[in-house]
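Okay, so here's the structure we're looking at.
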Amino acid sequence: MPEPPLLIVHQGERGPLVSFRTEDINRASTARRIATEIEDLLADARLGPDQNLEVDLRGTTWLSTTALNQLIWVQRKARRREVSLVLLNVQSRVRNVFAMTRLERLFSFGQSRENAVPAEFDAAEA
Amino acid sequence: MMTADAPWSFSKKIPSDTSIGSGLVSELLDAMMEREWPPADMFRTQLAYEEAIVNAIRHGNKSDAAKSVHVEMHCDDERVRIRITDEGPGFDPSSVPDPRQDELLEVPGGRGVFLIHEIMSEVHYNDTGNQITMVKLKGDNPPDDDEET
C-alpha cells in the first residue's frame, strides 16, 4: 500500500502552493520524500518559466540542515525548469538560519503570495 | 520570593537511531521552559542538539546499529550543557570547509558543524573528535525580531 503524501498542495494563481509538517521536513527519511513529491509536482504541473512554486513555511517553527539540504535540492530542480521557488511566511528565527548560512541568497522569500524578494545568488553566474 | 529550580540533569545511552536521538531534546526543552528560558535560546538549543545528534549517529557511528551514542544534558537557570559522544573514530572539526563559500552554497550538507558554532555560546570537541560539548548561556544571542513562541 503506497504511503500517504506528505505534501499539502493548494492551487494558486501563479502556481501551486505547498506546505508540510515541521517534523516531516526535519527528519531525513520524510524530508527526502517531501523533496521527491515536490519534484513530481514540478513535472506533473508542467510548470515553466515565470511560474512560481510557493512553499508556505508559516507552520514551520524550525529548520535543521536536513531540511535545508532538501530545500536546496528542490531549488536546483525548480531552477532547471526556470520555475521560481518562493518561501512564504518564514518565521524570523528560521529566516536567521538562512542568513547565518548565507542561504538567503539562494531563495526568494515572501509573505503570503505578494511582494516576494528575489534570490540574489545564482551559482551558474557566480 | 522566587526560588530557582534545582538543576536538571539527564544521561542516556541510545542506539544509532535518529528518531530516538531527536526525541530526547523534548525533555531538555521542558526543563528550559520550567526555568523560563527565552524562546530564542530554546530554538537555538534545539537546533544545535538536532545537528549534533544527527552528526553523531550518521557520521560518527555511520548509523551502525551496533554502536551507541551517549547523551548527557544539564540545565539550570543560566546555563545549558549538552555532551554527545559517539563510538566512531572521530573527526577533525577544523577540516570541515566553510559552507558559506560561493562554490559550496548549493551543495547539500556540511552546514551542521558550522551552525552549531554559530548558535551556541561555547563548543568543544575531545581530542579524538567523537565527543562534542555545547554550552548555551541564557540570553547570549542577538535580539530576536520574532517574540512569538
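For the C-alpha cells, the naming scheme is as follows: chains receive sequential letters (A, B, ...) according to their order of presentation, residues are indexed from 1 within each chain, and ligands are indexed from 1 in presentation order.
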| said: According to DSSP computed on the backbone, where in stretch 6-126 of chain A is there strand (DSSP E or B)? Give the residues as a ChimeraX atom specification. | reply: /A:8-11,16-19,52-56,84-88,108-111,114-117
Write down, as a CSV table (one decimal) with C-alpha atoms, in the first residue's frame, each residue of chain A that has any atom within 7 Å of an atom of chain B, counting only C-alpha atoms.
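The result, stored in iface-v9.csv:
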chain,number,residue,atom,x,y,z
A,64,SER,CA,17.6,21.7,10.5
A,65,THR,CA,20.3,21.3,7.9
A,69,ASN,CA,19.6,20.2,2.2
A,72,ILE,CA,18.5,23.3,-1.8
A,92,SER,CA,12.2,35.3,11.7
A,93,ARG,CA,14.2,32.8,13.7
A,101,THR,CA,24.4,30.0,6.3
A,102,ARG,CA,24.1,32.6,3.5
A,103,LEU,CA,21.4,30.6,2.0
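From atom CA of B:Asp77 back to atom CA of B:Ser11, the distance works out to 18.8 Å.
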| field | A:Arg81 surroundings by only C-alpha atoms, 12 Å radius, close-in-sequence under 4 positions cut, as number ranges by chain | value | A: 39, 42-43, 45-53, 74-77, 85
Shell around B:Ala65 at 9 Å using only C-alpha atoms, local window under 6 positions removed, as a compact mmCIF listing (two decimals) with N, CA and C atoms, in the first residue's frame:
# COMPACT_ATOMS: atom_id res chain seq x y z
N PRO B 15 20.70 3.78 21.00
CA PRO B 15 21.20 3.17 19.77
C PRO B 15 21.34 4.23 18.68
N SER B 16 21.98 3.87 17.59
CA SER B 16 22.20 4.80 16.48
C SER B 16 20.93 4.93 15.64
N ASP B 17 19.97 5.60 16.20
CA ASP B 17 18.66 5.80 15.57
C ASP B 17 18.31 7.27 15.72
| field | Which residue of B:Ile14, B:Met134, B:Val80, B:Val25 approaches B:Ser63 most closely, using only C-alpha atoms | value |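 Closest to B:Ser63 of all the choices is B:Ile14.
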| field | Residues within 9 Å of B:Glu87, only C-alpha atoms, excluding chain neighbours under 3 positions, as number ranges by chain | value | B: 56, 60-61, 67-70, 90, 130-131
Take the residues from that selection and write them out as a PDB file, in the first residue's frame, keeping N, CA, C and O atoms.
ATOM      1  N   ALA B  56      26.377  12.687  15.123  1.00  0.00           N
ATOM      2  CA  ALA B  56      26.942  11.576  15.895  1.00  0.00           C
ATOM      3  C   ALA B  56      26.462  10.236  15.354  1.00  0.00           C
ATOM      4  O   ALA B  56      27.248   9.284  15.209  1.00  0.00           O
ATOM      5  N   GLY B  60      29.311   9.934  12.767  1.00  0.00           N
ATOM      6  CA  GLY B  60      30.180   9.313  13.757  1.00  0.00           C
ATOM      7  C   GLY B  60      30.032   7.796  13.766  1.00  0.00           C
ATOM      8  O   GLY B  60      31.009   7.059  13.556  1.00  0.00           O
ATOM      9  N   ASN B  61      28.806   7.335  13.994  1.00  0.00           N
ATOM     10  CA  ASN B  61      28.564   5.889  14.090  1.00  0.00           C
ATOM     11  C   ASN B  61      28.170   5.255  12.771  1.00  0.00           C
ATOM     12  O   ASN B  61      27.935   4.046  12.715  1.00  0.00           O
ATOM     13  N   LYS B  67      26.450   0.303  17.346  1.00  0.00           N
ATOM     14  CA  LYS B  67      27.108   1.392  18.077  1.00  0.00           C
ATOM     15  C   LYS B  67      26.094   2.278  18.780  1.00  0.00           C
ATOM     16  O   LYS B  67      24.983   2.496  18.282  1.00  0.00           O
ATOM     17  N   SER B  68      26.526   2.806  19.918  1.00  0.00           N
ATOM     18  CA  SER B  68      25.644   3.650  20.733  1.00  0.00           C
ATOM     19  C   SER B  68      26.117   5.090  20.731  1.00  0.00           C
ATOM     20  O   SER B  68      27.244   5.398  20.335  1.00  0.00           O
ATOM     21  N   VAL B  69      25.217   5.941  21.190  1.00  0.00           N
ATOM     22  CA  VAL B  69      25.546   7.351  21.403  1.00  0.00           C
ATOM     23  C   VAL B  69      25.187   7.685  22.849  1.00  0.00           C
ATOM     24  O   VAL B  69      24.098   7.339  23.316  1.00  0.00           O
ATOM     25  N   HIS B  70      26.112   8.333  23.541  1.00  0.00           N
ATOM     26  CA  HIS B  70      25.855   8.734  24.919  1.00  0.00           C
ATOM     27  C   HIS B  70      25.449  10.209  24.929  1.00  0.00           C
ATOM     28  O   HIS B  70      26.192  11.070  24.453  1.00  0.00           O
ATOM     29  N   GLY B  90      35.994   9.415  15.209  1.00  0.00           N
ATOM     30  CA  GLY B  90      36.201  10.840  15.423  1.00  0.00           C
ATOM     31  C   GLY B  90      36.494  11.568  14.118  1.00  0.00           C
ATOM     32  O   GLY B  90      36.670  10.954  13.055  1.00  0.00           O
ATOM     33  N   ASN B 130      35.217  12.531  18.692  1.00  0.00           N
ATOM     34  CA  ASN B 130      33.959  11.797  18.736  1.00  0.00           C
ATOM     35  C   ASN B 130      33.069  12.241  19.898  1.00  0.00           C
ATOM     36  O   ASN B 130      32.094  11.574  20.242  1.00  0.00           O
ATOM     37  N   GLN B 131      33.402  13.357  20.461  1.00  0.00           N
ATOM     38  CA  GLN B 131      32.592  13.911  21.549  1.00  0.00           C
ATOM     39  C   GLN B 131      32.506  15.422  21.379  1.00  0.00           C
ATOM     40  O   GLN B 131      33.512  16.106  21.222  1.00  0.00           O
TER      41      GLN B 131
END
| Which value, in Å to one decimal, gives the distance between atom CA of A:Arg105 and atom CA of B:Pro97? |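 Going from atom CA of A:Arg105 over to atom CA of B:Pro97, I get 18.8 Å.
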| In Å, how far is it from atom CA of A:Arg27 to atom CA of A:Pro5? |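 Between atom CA of A:Arg27 and atom CA of A:Pro5 the gap is 15.0 Å.
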| request: Return the single residue from B:Ile57, B:Met73, B:Ala31, B:Leu24 that is closest to B:Ser9, with distances computed using only C-alpha atoms. | output: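 Between B:Ile57, B:Met73, B:Ala31, B:Leu24, the residue approaching B:Ser9 most closely is B:Met73.
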| query | Which neighbours of A:Asp24 fall inside 9 Å, counting only C-alpha atoms, when residues of the same chain fewer than 5 positions from it are skipped, and could you give them as a PyMOL selection string? | reply | chain A and resi 6+29-31+33-34+67
Could those selected residues go to a file with all heavy atoms, as a PDB file, in the first residue's frame?
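Writing done, so here's part_0.pdb:
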ATOM      1  N   LEU A   6       3.086  13.476   1.897  1.00  0.00           N
ATOM      2  CA  LEU A   6       3.459  14.365   2.994  1.00  0.00           C
ATOM      3  C   LEU A   6       3.181  15.825   2.633  1.00  0.00           C
ATOM      4  O   LEU A   6       3.083  16.679   3.508  1.00  0.00           O
ATOM      5  CB  LEU A   6       4.945  14.192   3.329  1.00  0.00           C
ATOM      6  CG  LEU A   6       5.332  12.807   3.827  1.00  0.00           C
ATOM      7  CD1 LEU A   6       6.849  12.662   3.887  1.00  0.00           C
ATOM      8  CD2 LEU A   6       4.741  12.538   5.195  1.00  0.00           C
ATOM      9  N   SER A  29      14.331  10.838   6.458  1.00  0.00           N
ATOM     10  CA  SER A  29      13.563   9.944   5.573  1.00  0.00           C
ATOM     11  C   SER A  29      12.362  10.671   4.973  1.00  0.00           C
ATOM     12  O   SER A  29      12.080  10.570   3.779  1.00  0.00           O
ATOM     13  CB  SER A  29      13.102   8.704   6.348  1.00  0.00           C
ATOM     14  OG  SER A  29      12.374   9.083   7.495  1.00  0.00           O
ATOM     15  N   THR A  30      11.662  11.420   5.792  1.00  0.00           N
ATOM     16  CA  THR A  30      10.466  12.108   5.297  1.00  0.00           C
ATOM     17  C   THR A  30      10.838  13.374   4.527  1.00  0.00           C
ATOM     18  O   THR A  30      10.125  13.760   3.594  1.00  0.00           O
ATOM     19  CB  THR A  30       9.508  12.434   6.453  1.00  0.00           C
ATOM     20  OG1 THR A  30      10.252  12.949   7.559  1.00  0.00           O
ATOM     21  CG2 THR A  30       8.750  11.199   6.901  1.00  0.00           C
ATOM     22  N   ALA A  31      11.931  14.023   4.886  1.00  0.00           N
ATOM     23  CA  ALA A  31      12.362  15.212   4.145  1.00  0.00           C
ATOM     24  C   ALA A  31      12.668  14.837   2.695  1.00  0.00           C
ATOM     25  O   ALA A  31      12.334  15.568   1.760  1.00  0.00           O
ATOM     26  CB  ALA A  31      13.592  15.836   4.803  1.00  0.00           C
ATOM     27  N   ARG A  33      11.355  12.394   1.059  1.00  0.00           N
ATOM     28  CA  ARG A  33      10.071  12.117   0.393  1.00  0.00           C
ATOM     29  C   ARG A  33       9.383  13.417  -0.004  1.00  0.00           C
ATOM     30  O   ARG A  33       8.813  13.519  -1.087  1.00  0.00           O
ATOM     31  CB  ARG A  33       9.159  11.314   1.326  1.00  0.00           C
ATOM     32  CG  ARG A  33       9.389   9.808   1.287  1.00  0.00           C
ATOM     33  CD  ARG A  33       8.409   9.078   2.177  1.00  0.00           C
ATOM     34  NE  ARG A  33       7.040   9.392   1.835  1.00  0.00           N
ATOM     35  CZ  ARG A  33       6.014   9.260   2.682  1.00  0.00           C
ATOM     36  NH1 ARG A  33       6.219   8.835   3.916  1.00  0.00           N
ATOM     37  NH2 ARG A  33       4.788   9.545   2.308  1.00  0.00           N
ATOM     38  N   ILE A  34       9.453  14.403   0.884  1.00  0.00           N
ATOM     39  CA  ILE A  34       8.839  15.700   0.560  1.00  0.00           C
ATOM     40  C   ILE A  34       9.497  16.283  -0.673  1.00  0.00           C
ATOM     41  O   ILE A  34       8.831  16.768  -1.599  1.00  0.00           O
ATOM     42  CB  ILE A  34       8.950  16.668   1.751  1.00  0.00           C
ATOM     43  CG1 ILE A  34       7.983  16.256   2.856  1.00  0.00           C
ATOM     44  CG2 ILE A  34       8.695  18.109   1.319  1.00  0.00           C
ATOM     45  CD1 ILE A  34       8.164  17.015   4.156  1.00  0.00           C
ATOM     46  N   ALA A  67      16.613  19.647   6.605  1.00  0.00           N
ATOM     47  CA  ALA A  67      15.569  20.327   5.843  1.00  0.00           C
ATOM     48  C   ALA A  67      16.181  21.253   4.797  1.00  0.00           C
ATOM     49  O   ALA A  67      15.733  21.296   3.649  1.00  0.00           O
ATOM     50  CB  ALA A  67      14.671  21.119   6.781  1.00  0.00           C
TER      51      ALA A  67
END
| request: May I have the residues within 9 Å of A:Arg21 as a ChimeraX atom specification, using only C-alpha atoms and disregarding those fewer than 4 positions away in the same chain? | output: /A:6-7,25-26,59-60
| task | Run DSSP on the backbone and give me the residues of chain A it puts in helix (DSSP H, G or I), as number ranges by chain. | result | A: 22-25, 28-44, 65-80, 92-100, 103-105, 123-125
| said: With distances taken over only C-alpha atoms, which residue among B:Asn55, B:Thr45, B:Thr85, B:Ser94 lies nearest B:Val135? | reply: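 Using only C-alpha atoms, B:Val135 sits closest to B:Thr45.
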